[in-house]
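*Asks:* Sharing structure_27.txt (compact mmCIF, C-alpha atoms) below.
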# COMPACT_ATOMS: atom_id res chain seq x y z
CA MET A 8 0.00 0.00 0.00
CA ASP A 9 1.41 3.43 -0.88
CA PRO A 10 2.01 5.94 1.97
CA ASP A 11 -0.97 8.16 1.09
CA SER A 12 -3.37 5.21 1.09
CA LEU A 13 -1.80 3.82 4.26
CA SER A 14 -2.14 7.12 6.10
CA LYS A 15 -5.76 7.57 5.01
CA ALA A 16 -6.53 4.00 6.14
CA PHE A 17 -4.88 4.68 9.50
CA VAL A 18 -6.81 7.92 9.96
CA GLU A 19 -10.11 6.26 9.11
CA HIS A 20 -9.35 3.41 11.52
CA TYR A 21 -8.25 5.74 14.30
CA TYR A 22 -11.29 8.02 14.30
CA THR A 23 -13.80 5.22 13.68
CA THR A 24 -12.36 3.47 16.73
CA PHE A 25 -12.38 6.73 18.72
CA ASP A 26 -16.03 7.36 17.89
CA SER A 27 -17.29 3.78 18.34
CA ASN A 28 -15.08 1.94 20.85
CA ARG A 29 -12.60 4.34 22.40
CA LEU A 30 -11.08 1.73 24.74
CA ASN A 31 -9.63 -0.05 21.71
CA LEU A 32 -7.37 2.91 20.89
CA MET A 33 -4.92 1.64 23.51
CA GLY A 34 -3.73 -1.07 21.11
CA LEU A 35 -2.39 1.61 18.75
CA TYR A 36 0.07 2.96 21.37
CA GLN A 37 3.07 1.47 23.16
CA GLU A 38 4.89 2.28 26.42
CA SER A 39 7.16 4.82 24.68
CA SER A 40 4.23 6.61 23.01
CA MET A 41 3.61 10.28 23.73
CA LEU A 42 0.40 12.30 23.56
CA SER A 43 0.14 16.08 23.81
CA PHE A 44 -3.56 16.81 24.28
CA GLU A 45 -4.37 20.52 24.33
CA GLY A 46 -0.91 21.12 25.80
CA GLU A 47 -1.07 18.34 28.41
CA LYS A 48 1.74 15.78 28.00
CA ILE A 49 0.96 12.10 28.64
CA GLN A 50 3.23 9.09 28.11
CA GLY A 51 2.55 5.37 27.70
CA ALA A 52 -0.33 3.38 26.20
CA GLN A 53 -2.23 2.95 29.48
CA ASN A 54 -2.00 6.61 30.49
CA ILE A 55 -2.94 7.76 27.00
CA SER A 56 -5.94 5.41 26.96
CA ASN A 57 -6.98 6.65 30.40
CA LYS A 58 -6.82 10.25 29.18
CA LEU A 59 -8.79 9.63 25.99
CA ASN A 60 -11.42 7.63 27.84
CA SER A 61 -11.79 10.23 30.58
CA LEU A 62 -12.71 13.06 28.20
CA PRO A 63 -15.99 14.61 29.33
CA PHE A 64 -18.16 13.28 26.53
CA GLN A 65 -19.29 9.77 25.70
CA GLN A 66 -20.37 10.19 22.11
CA CYS A 67 -18.57 12.10 19.40
CA LYS A 68 -18.09 12.12 15.67
CA HIS A 69 -14.86 13.14 13.95
CA ASN A 70 -15.20 14.43 10.39
CA ILE A 71 -11.92 14.57 8.46
CA SER A 72 -11.17 17.49 6.13
CA THR A 73 -7.55 16.84 5.08
CA VAL A 74 -4.88 14.15 5.53
CA ASP A 75 -1.23 14.82 4.65
CA CYS A 76 1.60 12.32 5.04
CA GLN A 77 5.38 12.31 4.68
CA PRO A 78 8.07 9.72 5.48
CA SER A 79 9.74 10.76 8.75
CA GLY A 80 13.19 9.40 7.91
CA PRO A 81 15.03 6.33 6.67
CA ALA A 82 13.60 3.96 9.32
CA GLY A 83 10.16 3.60 7.73
CA GLY A 84 8.29 5.98 10.02
CA MET A 85 5.47 8.11 8.72
CA LEU A 86 4.11 11.51 9.73
CA VAL A 87 0.35 11.96 9.33
CA PHE A 88 -1.23 15.40 9.67
CA VAL A 89 -5.00 15.68 9.97
CA SER A 90 -7.46 18.56 10.02
CA GLY A 91 -11.14 18.15 10.65
CA ASN A 92 -13.98 18.83 13.03
CA LEU A 93 -15.41 17.12 16.06
CA GLN A 94 -19.14 17.00 16.67
CA LEU A 95 -20.17 16.58 20.30
CA PRO A 96 -23.69 15.67 21.50
CA GLY A 97 -25.84 18.68 22.27
CA GLU A 98 -23.42 21.12 20.62
CA GLU A 99 -24.77 23.08 17.69
CA HIS A 100 -21.36 23.83 16.19
CA ALA A 101 -18.61 21.31 15.53
CA LEU A 102 -15.16 22.03 16.97
CA LYS A 103 -12.32 22.35 14.47
CA PHE A 104 -9.16 20.41 15.31
CA SER A 105 -5.71 19.55 13.98
CA GLN A 106 -3.77 16.46 14.96
CA MET A 107 -0.50 14.85 13.97
CA PHE A 108 0.66 11.27 14.36
CA HIS A 109 4.14 9.82 14.00
CA LEU A 110 3.69 6.16 13.04
CA ILE A 111 6.53 3.71 13.60
CA PRO A 112 6.67 0.25 11.99
CA THR A 113 6.37 -2.75 14.30
CA ALA A 114 8.20 -6.07 13.94
CA GLN A 115 4.81 -7.56 12.98
CA GLY A 116 4.56 -5.40 9.86
CA SER A 117 2.06 -2.96 11.30
CA PHE A 118 2.47 0.52 12.84
CA TYR A 119 2.08 2.05 16.27
CA VAL A 120 1.64 5.68 17.28
CA PHE A 121 4.89 7.04 18.74
CA ASN A 122 3.93 10.75 18.70
CA ASP A 123 0.41 12.19 18.89
CA ILE A 124 -0.28 15.92 19.17
CA PHE A 125 -3.88 17.19 19.29
CA ARG A 126 -5.15 20.77 19.30
CA LEU A 127 -8.57 22.32 18.96
CA ASN A 128 -8.56 25.33 16.62
CA TYR A 129 -10.65 27.86 18.42
CA ALA A 130 -12.49 30.39 16.28
CA MET B 7 18.23 24.55 26.14
CA ASP B 8 15.24 22.32 26.99
CA PRO B 9 13.06 21.04 24.12
CA ASP B 10 10.12 23.37 24.85
CA SER B 11 12.35 26.46 24.86
CA LEU B 12 14.19 25.22 21.78
CA SER B 13 10.98 24.65 19.84
CA LYS B 14 9.58 28.06 20.81
CA ALA B 15 12.86 29.70 19.74
CA PHE B 16 12.74 27.86 16.42
CA VAL B 17 9.12 28.87 15.83
CA GLU B 18 9.86 32.50 16.61
CA HIS B 19 12.88 32.45 14.30
CA TYR B 20 10.99 30.72 11.50
CA TYR B 21 8.00 33.06 11.35
CA THR B 22 10.03 36.22 11.95
CA THR B 23 12.19 35.21 8.99
CA PHE B 24 9.10 34.34 6.93
CA ASP B 25 7.54 37.73 7.63
CA SER B 26 10.68 39.86 7.21
CA ASN B 27 13.10 38.14 4.83
CA ARG B 28 11.48 35.09 3.30
CA LEU B 29 14.46 34.24 1.05
CA ASN B 30 16.45 33.37 4.18
CA LEU B 31 14.14 30.45 4.99
CA MET B 32 16.08 28.34 2.48
CA GLY B 33 18.93 27.95 4.98
CA LEU B 34 16.62 26.01 7.31
CA TYR B 35 16.05 23.24 4.75
CA GLN B 36 18.32 20.67 3.08
CA GLU B 37 18.10 18.63 -0.11
CA SER B 38 16.19 15.83 1.62
CA SER B 39 13.65 18.23 3.16
CA MET B 40 9.96 17.87 2.32
CA LEU B 41 7.17 20.44 2.34
CA SER B 42 3.46 19.72 2.00
CA PHE B 43 1.81 23.09 1.40
CA GLU B 44 -1.98 22.92 1.24
CA GLY B 45 -1.61 19.38 -0.14
CA GLU B 46 1.10 20.19 -2.68
CA LYS B 47 4.30 18.16 -2.14
CA ILE B 48 7.66 19.83 -2.70
CA GLN B 49 11.15 18.44 -2.03
CA GLY B 50 14.54 20.07 -1.56
CA ALA B 51 15.68 23.40 -0.11
CA GLN B 52 15.71 25.27 -3.43
CA ASN B 53 12.26 24.06 -4.52
CA ILE B 54 10.80 24.77 -1.08
CA SER B 55 12.30 28.26 -1.09
CA ASN B 56 10.94 28.87 -4.58
CA LYS B 57 7.46 27.82 -3.44
CA LEU B 58 7.45 29.95 -0.29
CA ASN B 59 8.76 32.98 -2.18
CA SER B 60 6.23 32.59 -4.98
CA LEU B 61 3.19 32.80 -2.70
CA PRO B 62 0.88 35.53 -3.98
CA PHE B 63 1.52 38.04 -1.21
CA GLN B 64 4.60 40.06 -0.32
CA GLN B 65 3.81 41.08 3.21
CA CYS B 66 2.34 38.91 5.93
CA LYS B 67 2.33 38.53 9.68
CA HIS B 68 2.15 35.18 11.46
CA ASN B 69 0.69 35.27 14.98
CA ILE B 70 1.33 32.12 17.00
CA SER B 71 -1.37 30.69 19.28
CA THR B 72 0.16 27.39 20.46
CA VAL B 73 3.46 25.50 20.16
CA ASP B 74 3.75 21.82 21.13
CA CYS B 75 6.89 19.72 20.88
CA GLN B 76 7.88 16.09 21.36
CA PRO B 77 11.09 14.14 20.71
CA SER B 78 10.62 12.19 17.46
CA GLY B 79 12.79 9.21 18.44
CA PRO B 80 16.18 8.26 19.82
CA ALA B 81 18.19 10.19 17.18
CA GLY B 82 17.59 13.66 18.68
CA GLY B 83 14.90 14.78 16.26
CA MET B 84 12.06 16.99 17.42
CA LEU B 85 8.46 17.40 16.30
CA VAL B 86 7.05 20.92 16.58
CA PHE B 87 3.33 21.54 16.11
CA VAL B 88 2.09 25.10 15.68
CA SER B 89 -1.32 26.74 15.49
CA GLY B 90 -1.85 30.39 14.76
CA ASN B 91 -3.18 32.88 12.28
CA LEU B 92 -1.81 34.63 9.25
CA GLN B 93 -2.63 38.26 8.53
CA LEU B 94 -2.38 39.27 4.88
CA PRO B 95 -2.38 42.86 3.61
CA GLY B 96 -5.80 44.15 2.70
CA GLU B 97 -7.58 41.22 4.35
CA GLU B 98 -9.90 42.08 7.19
CA HIS B 99 -9.81 38.63 8.77
CA ALA B 100 -6.68 36.65 9.58
CA LEU B 101 -6.45 33.10 8.23
CA LYS B 102 -6.09 30.34 10.81
CA PHE B 103 -3.39 27.78 10.11
CA SER B 104 -1.71 24.69 11.56
CA GLN B 105 1.81 23.60 10.72
CA MET B 106 4.18 20.90 11.85
CA PHE B 107 7.95 20.68 11.57
CA HIS B 108 10.24 17.70 12.07
CA LEU B 109 13.62 19.11 13.11
CA ILE B 110 16.75 16.98 12.70
CA PRO B 111 20.07 17.79 14.39
CA THR B 112 22.96 18.79 12.14
CA ALA B 113 26.63 17.90 12.64
CA GLN B 114 27.16 21.59 13.53
CA GLY B 115 24.91 21.34 16.58
CA SER B 116 21.96 23.09 15.01
CA PHE B 117 18.76 21.76 13.41
CA TYR B 118 17.30 21.64 9.93
CA VAL B 119 13.69 21.11 8.82
CA PHE B 120 13.26 17.60 7.43
CA ASN B 121 9.43 17.57 7.35
CA ASP B 122 7.13 20.58 7.02
CA ILE B 123 3.35 20.28 6.63
CA PHE B 124 1.20 23.41 6.37
CA ARG B 125 -2.58 23.71 6.23
CA LEU B 126 -4.97 26.61 6.44
CA ASN B 127 -7.94 25.88 8.70
CA TYR B 128 -10.89 27.22 6.80
CA ALA B 129 -13.83 28.39 8.86
Mind converting the file's structure to structure tokens?
*Replies:*
Amino acid sequence: MDPDSLSKAFVEHYYTTFDSNRLNLMGLYQESSMLSFEGEKIQGAQNISNKLNSLPFQQCKHNISTVDCQPSGPAGGMLVFVSGNLQLPGEEHALKFSQMFHLIPTAQGSFYVFNDIFRLNYA
Amino acid sequence: MDPDSLSKAFVEHYYTTFDSNRLNLMGLYQESSMLSFEGEKIQGAQNISNKLNSLPFQQCKHNISTVDCQPSGPAGGMLVFVSGNLQLPGEEHALKFSQMFHLIPTAQGSFYVFNDIFRLNYA
């Protein structure tokens, strides 16, 4: 699969999982993984999962506007940059967000999220 | 200098240079550098400089809202994620943007931009 298709498939998988079964996101991270969520720094799959599952909304829907990807170096890593909006229950207006992922290949031929930086884009 | 201070100093330097002497941005890139600008992929310092200097405005002012940084792996690289807005001459409203940089250490103890992804966040 070419990098653009791979990154789009990852993005679709990530946000579908986020919106339907958020607990399963933990499998995409490892102990070395880092999340910066609105400026808060969190490390490790369990801590990241705890953070994402403690957000103060149960239901949400991510709509993706753009996906960009670039190789991050010679080791097969990939940078994925996403813009989109997040619809929360009871909110009239969706929240715009940007997020980047640094995906690192695993020995099993898949990828895990090493870096994850999320920001809402306030109007 | 700690990574947060380093990334803020880089961001300040980058946008000050962009807004005051855009031709000098070329020195921050190398031949392997990649830019994705609104979905257009460009490679190499000269091509990236040509692109940035051919944008259809002469004057601009970047205002930074947030800067996040994370180490990109064991080799000393750094991911820098920026949100802000871009004021163009004659435009009443500033344009919101997000941008990420992957900085790689040079043999001279400085950094160059290996990855650069820029997106406007349309309202």
*Asks:* Please indicate the distance in Å from atom CA of B:Asn27 to atom CA of B:Ser39, rounded to one decimal place.
*Replies:*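 According to the coordinates, atom CA of B:Asn27 and atom CA of B:Ser39 are separated by 20.0 Å.
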*Asks:* Write out as CSV the residues of chain A that have any atom within 10 Å of an atom of chain B, one row each with the nearest atom pair and its distance in Å to one decimal, counting only C-alpha atoms, sorted by chain and then rising number.
*Replies:*
residue,atom,partner,partner_atom,distance
A:Ser39,CA,B:Gly79,CA,9.5
A:Met41,CA,B:Gln76,CA,7.6
A:Leu42,CA,B:Gln76,CA,8.7
A:Ser43,CA,B:Asp74,CA,7.3
A:Phe44,CA,B:Asp74,CA,9.4
A:Glu45,CA,B:Asp74,CA,8.8
A:Gly46,CA,B:Asp74,CA,6.6
A:Glu47,CA,B:Asp74,CA,9.4
A:Lys48,CA,B:Gln76,CA,9.0
A:Ser72,CA,B:Asn127,CA,9.4
A:Thr73,CA,B:Gly45,CA,8.3
A:Val74,CA,B:Gly45,CA,8.4
A:Asp75,CA,B:Gly45,CA,6.6
A:Cys76,CA,B:Ser42,CA,8.2
A:Gln77,CA,B:Asn121,CA,7.2
A:Pro78,CA,B:Asn121,CA,8.2
A:Ser79,CA,B:Asn121,CA,7.0
A:Gly80,CA,B:Phe120,CA,8.2
A:Gly84,CA,B:Ser78,CA,10.0
A:Leu86,CA,B:Asn121,CA,8.4
A:Val87,CA,B:Ile123,CA,9.2
A:Phe88,CA,B:Ile123,CA,7.4
A:Val89,CA,B:Arg125,CA,9.2
A:Ser90,CA,B:Asn127,CA,7.5
A:Gly91,CA,B:Asn127,CA,8.6
A:Lys103,CA,B:Asn127,CA,8.1
A:Phe104,CA,B:Asn127,CA,8.7
A:Ser105,CA,B:Ser104,CA,6.9
A:Gln106,CA,B:Phe87,CA,8.8
A:Met107,CA,B:Met106,CA,7.9
A:His109,CA,B:Ser78,CA,7.7
A:Ile111,CA,B:Gly79,CA,9.6
A:Phe121,CA,B:Ser78,CA,7.8
A:Asn122,CA,B:Ser78,CA,7.0
A:Asp123,CA,B:Gln76,CA,8.8
A:Ile124,CA,B:Phe87,CA,7.3
A:Phe125,CA,B:Phe87,CA,9.0
A:Arg126,CA,B:Ser89,CA,8.1
A:Leu127,CA,B:Ser89,CA,9.2
A:Asn128,CA,B:Ser89,CA,7.5
A:Tyr129,CA,B:Lys102,CA,9.2
A:Ala130,CA,B:Ala129,CA,7.8
*Asks:* Record the distance separating atom CA of A:Leu30 and atom CA of A:Leu59, expressed in Å with one decimal.
*Replies:*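 Answer for the atom CA of A:Leu30 to atom CA of A:Leu59 separation: 8.3 Å.
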*Asks:* Quick one: everything within 12 Å of A:Leu35, counting all atoms listed in the file, minus sequence neighbours fewer than 4 positions away in the same chain. Send it as a ChimeraX atom specification.
*Replies:* /A:17-18,20-22,24-25,29-31,39-41,51-53,55-56,108-113,117-123
*Asks:* For the atom pair atom CA of B:Ala100 and atom CA of B:Asn69, what is the interatomic distance in Å to one decimal place?
*Replies:*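 These atoms are spaced 9.2 Å apart.
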*Asks:* Any idea what's packed within 6 Å of B:Leu92, counting all atoms listed in the file, ignoring anything in its chain fewer than 3 positions away? Could you give it as a list in words?
*Replies:*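 Those residues are Lys67, His68, Ala100 and Leu101 of chain B.
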